[in-house]
Structures are given as C-alpha cells and as structure tokens.
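Student: Please find one structure pasted underneath; my questions will follow.
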Amino acid sequence: MRLHRLELTAFGPYPGTEVVDFDALGAEGLFLLHGDTGAGKTSLLDAVSFALFGSVPGVRQDAKQLRCHNAAESAHTEVSLELTVRGRRLRVKHSPEYERPKRRGDGYTKQQATASLTWLDDEHEPLTRIDEVGRTVQHLLGMTKEQFFQVVLLPQGEFARFLRSETDERAKLLERLFGTERFQRVEHWFSDHRRALRAEVERAGVLAGGLAGRVAQVVGVEPPTEPDEPWLAALEAAARDAATATAAELAAAKRLRERTEGELTEGRALSERVRRVRRAGQELAELAAQAGDRAGWEAELTAARRALGVVAAQEGLRVVERQAQAAADTCALRRDQAVELGWDTAGDPRAAAGALREEAGELAGLVAEAERQAEDEARVAELAARLAAVDWDALGAEADRMTVAVAEARQSVADAAHAVAAVDGLRASAEAAASAVRHAAELPVAQRALEKAARDHTDAVDAHQNARERLLDVRQRRLAGMAAELAATLDGPCPVCGSAEHPAPARAADPVSAADEQSAHDDEQRVLRRRDTAAKALSLAETAVEALREKLAGWDDPAAAHRAAQDAHTAARELAATHAGRVGALERLERAVEDADRKRTRLAKDTASWEAERAEVLAVAADREGRLAAARAGFDSVAERRAHLLALGAALDAAADARSAAATAEARVAEQRAALDAAVAAAGFADLAAALDAAREDELMAKLDDQLAEARLRKSTNLEILADPELFGVDGDTVVDLPPLVEAADAARVRAEEAVAAARVAGARADALGELAGRLRAAWRELVPLAETFAELDALTDVVNGRGQNTARMSLRAYVLAARLEEVAIAATDRLRRMSQGRYAFVHADGAGARGTRGGLGLDVLDDYTGRVRSSKTLSGGESFVASLALALGLADVVAAETGGAVLDTLFVDEGFGALDADTLDDVMAILDELRAGGRVVGIVSHVEELRQRVPVRLRVGKTRAGPTLELVSG
C-alpha cells in the first residue's frame, strides 16, 4: 500500500481545503511531520484513517465531532485519499454525518454520511455504498481498521501501555489484531455443546428417574437406583394376575345384582298401580261431595257476565257528566277575563274580537316607527358624546413627542450597529496584544537561555580544543616513542634483521601506550559530541530569540496596548449586545407613529361624518313625534296600546269558544243517559240497581272460572286413570311388602360396585404399569449412550478451556495468542538489540499468572548487562520508547504476514522521540532508515527539534487562529 495524495476539507481543525502530496514527501523514503503541540499533526493521520475506513483511531472516534467548528457553513466536510494497493490505483472518499444549515428557511438539518471508491487505472464502475466501500477497502488491505491503526500508524503511547499492561489488557489487543475470534467460537462451541448435552443427559436422567418412581408408585414399592429389568418384569406379571382374579369376581357380582334388581322392579310396579287406583277413587269421591257448591259458582258467574255492558255504560255517563261540568266552569272563567279587559258583555263577542284585531293591525306600522324613534334619540346622544370626546391638542402633542423619540432611537441603532461591525476586529486586536504581552514576558527568559547556551557552547568549544590538543600531543609522543614500544615487543628474532640478539633496545623517556591514545581519542569524541549538542542548543536558542523579536516588532508598550484593546473590545461587545434590542425598540416606535397617523386621519373623517349624521337624525325624529302622540291615545306607548287591543280580542275569542264547548257537552250527557237505559234492558235486568248488584270484579270472575275448570279436569283425569288397561283387576286395598326386596337389591349393588372398583383398579394398574414399563425401558436405552458421550465431551471441553487434563492451564485461544506473542517477541528482539546496543532482548513467558490469571502472555526483557530477566515496567522513559517502538514494528511485521494483506509501503511513527539521548536516537534512526529500504516510505510525527536537522524532507503544520497551515520543506 502506497499513499499518493490526501485532500481534506473542513475536517478536524482544518477549516478550508488542504492537500498533502505523499509522492513529494516520500521521495527520499523518510519524512518528518512536525509542528507545535495542538497544531493538527495527528489530525492528518486521522484523515488518512477516515478516508479509508470512515473512522478514526481511539477516543477521537467516540467524540463524533469530525467537522471543523471554524469551517464556513457552506463548506462540505470530506476527506479524499489516492493510493495504490496490490498494483491498483484508486481514490477513496468519506464524508461524516454532521448538521448543516437548511437550504430553505431557518435552522439546521442532518447531512448524511457518504462514501465512494473510484478506480483510477481502469473503467470499473465506482462504488458509492458505505458498507460496500468498507468491505472493498478491507479486502484490498487484507486487514481490519483496528489492525491498520496498530500496524500502519504505530501509536507509541498505546504500545507503551501494551508493553507494561497486565495479561487481560494485552490479550484484548492481540485478539483485536490477530482475529482469534474463531478460536473463541471453538471454545464457546465446546462449552455450549457440553451445556446442551449435559441438559440432555439430565433431562434423560430425570425422565428415567421419574418413570421409575411412577412405576414404583403404581405398585407401592421403592424404585431401584439403577436400571433393573427383572424387577420390572416381576411387577408386570403380578399386576396381570391380580387383574384376572378381580375380573372373575366382577362377573359373579353382576349376575346377582341383575336378579335382585329385577325382583325389586316388579314389586315397585305393583305398588305404584295400587297407589294410582286408590288415589283416583279418593279424588272422584271428593268431587261428588262438592257438586252443590259448583252449581252456585256457575249461576253467579253467568249473571256477572250479563252485567258487564251495563257497568260500561254507567262509567261512560260519569265521564261525559264530568266533561260537561268542566266546560261550564271554563265558559264562566273566559267571560270574567273578557270583562276585566273592558268588555261590556253586549253584542256578539266573536264580532267584537274581529273589530279589535283590525284596529290593532292599523297600529302595527306605528309600533315600528316608535322603536325607530327611540333608536334615533339614542344615536343623537351617542354622536354628541363622541364629538365631545375628541381632544385635538393632546393628539398633536403626542405626535411631536413620538417624532423626537424615533430620531433618538435611530441614532442609538446606528451606534450599536457600528459596535457590532467593530467587535471582531477589536477582539482580534486584543488577542494579538495578549500574544505580544506573552511574548514580551518570554523574551527575557529566551535571552537568558541564549546567553547560557552561548556560554555552554564557548566552554564546549574550548574543552574540545583542549581535548583535541591532548590527543595530538599523545599521538606525537607515541610516535616519538614508537621504537621503544617496538623494542618492548621483541621476544624472539628481530622481524627486520632476523638477529636473535638485541644489544641496545630503545628506551622511552615518557612512554605512551595504545591504550593511552585510545583513551585520549575517546575523551576527544565525547567532548566533540558535547560541542555538537551545545551548538544545536545555541542554534535553537538563537532561533527562539529571533522569533520572539520578530513577533514583538511594532509593539512599543504591549501591556498598555493590551489594556486599551481589552477596554475597547469590552465596550464594543457590551454595546453590540444591545443591537437587537435597540432595533426592536426602533421598529416598535416606527409602527406606533404609523398607527398614530392613521388614527388621526381616521378620526378627522369620523368627526365630519358624525356631525352630518346628527343633524339628519334630529330632523327625522321631530317629524315622526306628532304621529306617535296621536297613536298612543293615553297609553305609555303605541306598542302598549296595541298589545291591550290584541289581548282583549283574544279574550273575546276564548269566551266564544268556551260557550260553544259547554253546549256540546250538555248534548253528549243526554245521549249517554239514553244509552245506559238501553243497556239495562238488553241485559235482562229489572232496573239499574239489579244490574249493578249482579256485577263482580274481574279478579273474582276469573277465580270462579278457574275453580270450575279445575273440577272438570280432575274428574276427567281420574276417570281416564281407572279406565287404563294396566290397572284392570287391581284392588286398591292390596298391600305390597317392598323393604326386603330393597335390602336384597342394595346388598347386591354394593357387592357389584366393589367388584367393579377392584377390577377397574387392577386393570388400570396393569395397563399403566405396562405403558410405563415400555417408556421406562426406552428411557434406559436412551440414557446410557448419552451419559457415555457426555463424559467424553466433558473431558475434552475442560482441555480446550484450560482445565481438567490440560496441565498448562491455557485455553485454546490463550494458546494461539501466546504463540502469536512469541512470534512478535522474536521479531521485535532483533530491532530492540540494535536500538539498545545489544543490551536488551524480549523474553516471552508462557507460565500462568498470579492468583490463577491466564498464562502464556507474559512479556519481559533480558538485560545483557546483568544477565537477568527483568520486568518491562522497570525500563526508563527513553528505554520504554525504544522497546515500544521495537515491539510495534515487530507486531506490524507479524500482523502483515498473518493477514496476508497488501505490502505496507507507507508507515507512520507517532511521537515519543523526545525521551531519547543522542546515541539512542542515532540507533533508532538507523532502524527507521532500514525500514525504508526497498521503497518503503516512513513518516515520523514529532515536534522534537533535533529531528529537523536529521530529516531533510519535512511537512510543517503551522498553528494560527484561522486554522492550521501546511508547508512542504525540503533540504
């Protein structure tokens, strides 16, 4: 995988569009991504991750705030990455979900996340579904996003935690990287299968035990603890014998019961026939004794029925007499009411009523005119009040006051608007002044640091010059005494002349050995490194002082300027905060002025209209008043006089109607009396009194009729009973002895019922035992192989889960993770030895942890200086970084080989270099140089100043208030 071009818009801290050319950055195989803390370096790595997977590493993804807060509302947040994977060039784009302004109306709406993948080297259709793009990228890279975050981005802080973490935390990372979920699924499969099989065995055992208990309960014995076929066969045979014996007893009991019940039935039938004959004779004798009473009831009922018509005619007469009296009373009442209203009782009342209604009709029009007269008088009073209420002087003064208020409000809004426009600039000025104050405070410190660095550099140069002179002196003295040094080595023949004798070997006055020269050389190199370090520190101090001086250029008194800018910004901000309120107040005043102008115009028109209407109404009312006075004729109003005429006419009509109704009622009384006399004669009575004496109540007549009908029914029923052929020859005095027959039948029935119960119990016991025995044998046959299979699976599951016969106490998943960790330790040790000058090596420990924790995931270091294995937690800060980097690189190699994914041509190492000394930094940089061999590109993310001297190609991330800036630096 090689990156070519990254383009991001409104992403992270970047408000605009930024482009990173990885081809230019990776031309040398090694580049540095540097900048101040918080400038946005790591956000570029986040952008690479988001472009590929739509996600960023770690807790930054949990925040779900990938859009830049400073971006313009119209800017669309998007990250695009061009790369080559497995020989294919493509462009991947991702856009997160975020809130954007609505295109119509106010407020915000949700912008949905999008993704696309475009093939740049062929004409395949692009992919636009998020899930489809994610699967394709993961397939091409051959690793998940978690593996990519660990293998390509190499987050050092996380690997330092991984180096020092406990077993469980280390296992989580390894599981995430190596995808050992399938081994976990194998463990779960064994556990789940064992759980299911255990439940099945327990179910089969419970079923067999329950069936054995039910068999034992049926026969009343104790159940066996183990399967026992002879026990079961003996119980079945005993049950069958008991069923046969009870069946024979049941047959004999049934025969006896049938015979005794037949004899009892015959005796009861004879007793019933004798009872019926005796009962019928008694009933007929009683009816014969009551014959005289029934004849009297018959005569009374016949006379009462003849009197029914007379009673009805008498009741009709009473009704019409009451109606005639009510009509006479109403006639007198209506006559009195008409007299009270002014009738003199002379003439025809109905004719007088017609004349009164005609007179009232003539007054109807004048009633309406009288109502209009009252309305006109009220309208004249209302118009006079309205005209008196108009105050033109007050209205003019109010208009002048409002004009002045509007002018003042407009000036106030203009002042606030000016403050709103100036507040951002004043805030920027205040912030710039604050930065100048801070830089002014930092300058003396930087100058003191520069002076100290200059002194240290001078001392280091002097010390190096002295050490250099000492080295040259030692070398000169050694050269001068070289003959003596060679003479000291002559143990045999001279290597020049071959003589075995050495008559005058040279002697050195001040001998210098090779060890002395090497010591002087080591001292010179040590002081040289010190001089180089001091020179770098001096350069950094000079750069810092120069940068501060440039930032303070143009600032005479930063503190005073800061105070003035703060005061101006505060005043403008407070005034700007009132802008909306002042605009609202101005708008309300302007609306009030417009309303007042409209009110005055409308009032002038209304006043003129009121004056004209008042004069017109007064003239009409004066003309109408003469006609109304004549129509009232002594009454308070025309309406009152008309109402009196209508009331008197209605009273006369009512009196005429009542007189006619009274005459009609008297005629109906005479007719009803004639009808009553005719009804008495038709019923055959001598007079009305005789007819009313024979009349009876309806309830009494119904009772007499029921008694006569009952007597006739009893007589016919008893005669039919005696004529029944079954009772022929039966004497009512015959005596039947039933108790002995009942006792014999009861005893036979009890014996038969007991025999039935015994036979039913024995048969049911035999049937139930046979059915249960069959099910119990089937349950025993199922239980035995299940128990054997479960025992085998139980032992194997314990082994897979690190228990039982597993002496290593490691589960299958832990065993796989331990093997992977051992591979990582081997791969990381090679780099760790070189970066630590051969001192440290990783040691993988596969023993169980303390207090029963999972084993196989221990990771310590071997210290070559002491020859002992020590905990990784005892490493210093710089040593921890080196070990973490080696571990991260080793893990990257193993994961890449494990996943079989694309070749990782681009690698990022994020932070941690500030903890290294110069020698260790040299070794680490050598390892990174080796990583870029074969065309690999390595990007270092760090703010360490010394790396700028070592890495010629750099991408500088600048930190400004408007957002980060990117600058490519080469050389």
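Numbering starts fresh at 1 for the residues of each chain in the structure tokens, the chains themselves are lettered A, B, ... in the order given, and ligands are numbered from 1 as they appear.
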At a cut-off of 12 Å, using only C-alpha atoms, what residues contact Leu472 of chain A? Leave out same-chain residues fewer than 5 positions from it and give the result as an mmCIF file with N, CA and C atoms, in the first residue's frame.

Tutor:
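The resulting file, out-v5.cif, is shown below:
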data_model
loop_
_atom_site.group_PDB
_atom_site.id
_atom_site.type_symbol
_atom_site.label_atom_id
_atom_site.label_comp_id
_atom_site.auth_asym_id
_atom_site.auth_seq_id
_atom_site.Cartn_x
_atom_site.Cartn_y
_atom_site.Cartn_z
ATOM 1 N N GLN A 465 38.736 21.874 22.066
ATOM 2 C CA GLN A 465 40.059 22.264 21.569
ATOM 3 C C GLN A 465 41.140 21.700 22.476
ATOM 4 N N ASN A 466 40.904 21.783 23.776
ATOM 5 C CA ASN A 466 41.895 21.227 24.715
ATOM 6 C C ASN A 466 42.018 19.727 24.535
ATOM 7 N N ALA A 467 40.853 19.043 24.412
ATOM 8 C CA ALA A 467 40.907 17.583 24.233
ATOM 9 C C ALA A 467 41.571 17.221 22.917
ATOM 10 N N ARG A 477 53.672 11.996 21.019
ATOM 11 C CA ARG A 477 54.572 11.331 21.979
ATOM 12 C C ARG A 477 54.646 9.850 21.706
ATOM 13 N N ARG A 478 53.498 9.241 21.265
ATOM 14 C CA ARG A 478 53.555 7.808 20.974
ATOM 15 C C ARG A 478 54.422 7.546 19.737
ATOM 16 N N LEU A 479 54.272 8.426 18.736
ATOM 17 C CA LEU A 479 55.105 8.264 17.538
ATOM 18 C C LEU A 479 56.568 8.416 17.889
ATOM 19 N N ASP A 516 46.592 4.445 26.083
ATOM 20 C CA ASP A 516 46.578 5.875 26.399
ATOM 21 C C ASP A 516 46.047 6.682 25.226
ATOM 22 N N GLU A 517 46.502 6.305 24.006
ATOM 23 C CA GLU A 517 45.998 7.024 22.829
ATOM 24 C C GLU A 517 44.492 6.816 22.641
ATOM 25 N N GLN A 518 44.012 5.565 22.862
ATOM 26 C CA GLN A 518 42.584 5.303 22.702
ATOM 27 C C GLN A 518 41.761 6.076 23.723
ATOM 28 N N ALA A 520 42.621 8.960 25.094
ATOM 29 C CA ALA A 520 42.580 10.352 24.670
ATOM 30 C C ALA A 520 41.605 10.542 23.510
ATOM 31 N N HIS A 521 41.570 9.542 22.588
ATOM 32 C CA HIS A 521 40.623 9.632 21.460
ATOM 33 C C HIS A 521 39.177 9.581 21.958
ATOM 34 N N GLU A 524 38.279 12.871 23.406
ATOM 35 C CA GLU A 524 38.058 13.873 22.352
ATOM 36 C C GLU A 524 36.683 13.692 21.695
#

Student: Quick one: pull the distance between atom CA of Gly684 of chain A and atom CA of Ala299 of chain A, Å, one decimal.

Tutor: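 So the answer is 14.7 Å.
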
Student: Please report the interatomic distance between atom CA of His439 of chain A and atom CA of Lys41 of chain A in Å with one decimal.

Tutor: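 Between atom CA of His439 of chain A and atom CA of Lys41 of chain A the gap works out to 23.9 Å.
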
Student: So that I can see what lies close to Asp677 of chain A, please list as a compact mmCIF listing (two decimals) with C-alpha atoms, in the first residue's frame the residues with an atom at most 9 Å from it, counting only C-alpha atoms and leaving out residues fewer than 3 positions away in the same chain.

Tutor:
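out-v8.txt, freshly written:
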# COMPACT_ATOMS: atom_id res chain seq x y z
CA VAL A 310 -124.44 -2.07 31.98
CA ALA A 313 -122.47 2.35 30.03
CA GLN A 672 -125.17 8.79 27.24
CA ARG A 673 -128.18 8.54 29.64
CA ALA A 674 -130.31 7.08 26.86
CA VAL A 680 -130.06 -2.38 31.28
CA ALA A 681 -132.98 -3.62 29.19
CA ALA A 682 -130.75 -5.63 26.81
CA ASP A 687 -133.57 -1.90 36.69
CA LEU A 688 -130.14 -0.33 37.00

Student: Mind checking which residues fall within 6 Å of Gly12 of chain A, counting only C-alpha atoms, ignoring those fewer than 3 positions away in the same chain, and posting them as a list in words?

Tutor: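 Counting only the stated atoms, we get Leu66, Arg67 and Cys68 of chain A.
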
Student: Using only C-alpha atoms, which protein or nucleic acid residues come within 9 Å of Ala212 of chain A? Drop anything in the same chain fewer than 3 positions from it, and give the result as a short mmCIF file (atom, residue, chain, number, x, y, z; two decimals) with C-alpha atoms, in the first residue's frame.

Tutor:
data_model
loop_
_atom_site.label_atom_id
_atom_site.label_comp_id
_atom_site.auth_asym_id
_atom_site.auth_seq_id
_atom_site.Cartn_x
_atom_site.Cartn_y
_atom_site.Cartn_z
CA LEU A 207 -37.21 -38.73 32.70
CA ALA A 208 -35.94 -42.23 33.57
CA GLY A 209 -35.99 -41.48 37.30
CA VAL A 215 -43.81 -47.42 38.30
CA ALA A 216 -42.89 -47.86 41.96
CA GLN A 217 -45.76 -45.58 43.00
CA PRO A 223 -37.84 -47.63 42.95
CA PRO A 224 -34.38 -49.03 42.05
CA THR A 225 -31.36 -46.73 41.92
CA PRO A 227 -31.88 -49.89 35.68
CA LEU A 772 -44.86 -47.05 32.00
CA ALA A 773 -42.66 -50.13 31.76
CA LEU A 776 -39.01 -46.75 31.20
#

Student: Under the rule that only C-alpha atoms are counted, which of A:Asp929, A:Asp860, A:Glu442, A:Glu753 is the nearest residue to Val951 of chain A?

Tutor: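 Under the stated criterion, the closest residue is A:Asp929.
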
Student: List as a tab-separated table every residue of segment 590-709 of chain A that is in contact with segment 378-386 of chain A, defined as an atom at most 12 Å from one of its atoms (using only C-alpha atoms), together with the nearest atom pair and the distance in Å rounded to one decimal, sorted by chain and then rising number.

Tutor:
residue	atom	partner	partner_atom	distance
A:Leu603	CA	A:Arg386	CA	10.4
A:Asp606	CA	A:Arg386	CA	9.5
A:Thr607	CA	A:Arg386	CA	8.1
A:Ala608	CA	A:Leu383	CA	10.9
A:Ser609	CA	A:Leu383	CA	9.7
A:Trp610	CA	A:Leu383	CA	6.0
A:Glu611	CA	A:Leu383	CA	7.6
A:Ala612	CA	A:Leu383	CA	10.0
A:Glu613	CA	A:Leu383	CA	8.2
A:Arg614	CA	A:Val380	CA	5.6
A:Ala615	CA	A:Val380	CA	8.5
A:Glu616	CA	A:Val380	CA	9.6
A:Val617	CA	A:Val380	CA	6.9
A:Leu618	CA	A:Val380	CA	7.2
A:Ala619	CA	A:Val380	CA	10.9
A:Val620	CA	A:Val380	CA	11.4
A:Ala621	CA	A:Val380	CA	9.9

Student: Keeping only N, CA and C atoms, write the selected residues as a tab-separated table (two decimals), in the first residue's frame.

Tutor:
chain	number	residue	atom	x	y	z
A	603	LEU	N	-59.86	59.65	12.50
A	603	LEU	CA	-60.67	60.41	13.44
A	603	LEU	C	-61.25	61.67	12.79
A	606	ASP	N	-64.14	60.58	10.68
A	606	ASP	CA	-65.26	60.15	11.52
A	606	ASP	C	-65.99	61.36	12.12
A	607	THR	N	-65.25	62.43	12.53
A	607	THR	CA	-65.87	63.62	13.15
A	607	THR	C	-66.83	64.31	12.18
A	608	ALA	N	-66.39	64.47	10.94
A	608	ALA	CA	-67.26	65.11	9.94
A	608	ALA	C	-68.50	64.27	9.68
A	609	SER	N	-68.32	62.95	9.63
A	609	SER	CA	-69.45	62.07	9.39
A	609	SER	C	-70.43	62.11	10.55
A	610	TRP	N	-69.92	62.22	11.77
A	610	TRP	CA	-70.80	62.25	12.95
A	610	TRP	C	-71.65	63.55	12.96
A	611	GLU	N	-71.06	64.69	12.61
A	611	GLU	CA	-71.80	65.96	12.60
A	611	GLU	C	-72.97	65.90	11.61
A	612	ALA	N	-72.71	65.40	10.41
A	612	ALA	CA	-73.77	65.33	9.39
A	612	ALA	C	-74.88	64.38	9.80
A	613	GLU	N	-74.49	63.23	10.35
A	613	GLU	CA	-75.49	62.24	10.74
A	613	GLU	C	-76.36	62.77	11.87
A	614	ARG	N	-75.81	63.51	12.83
A	614	ARG	CA	-76.57	64.04	13.97
A	614	ARG	C	-77.65	65.02	13.49
A	615	ALA	N	-77.33	65.90	12.56
A	615	ALA	CA	-78.32	66.86	12.05
A	615	ALA	C	-79.45	66.16	11.31
A	616	GLU	N	-79.10	65.15	10.53
A	616	GLU	CA	-80.10	64.43	9.76
A	616	GLU	C	-81.05	63.67	10.69
A	617	VAL	N	-80.55	63.02	11.71
A	617	VAL	CA	-81.39	62.23	12.63
A	617	VAL	C	-82.31	63.12	13.43
A	618	LEU	N	-81.86	64.32	13.85
A	618	LEU	CA	-82.71	65.25	14.60
A	618	LEU	C	-83.92	65.70	13.77
A	619	ALA	N	-83.73	65.93	12.48
A	619	ALA	CA	-84.84	66.40	11.62
A	619	ALA	C	-85.88	65.30	11.46
A	620	VAL	N	-85.47	64.09	11.24
A	620	VAL	CA	-86.40	62.97	11.05
A	620	VAL	C	-87.18	62.71	12.33
A	621	ALA	N	-86.57	62.77	13.50
A	621	ALA	CA	-87.22	62.47	14.77
A	621	ALA	C	-88.31	63.52	15.07

Student: Find the residue from A:Arg598, A:Arg831, A:Arg268, A:Arg696 that sits nearest to Ser884 of chain A; use only C-alpha atoms when measuring.

Tutor: A:Arg831
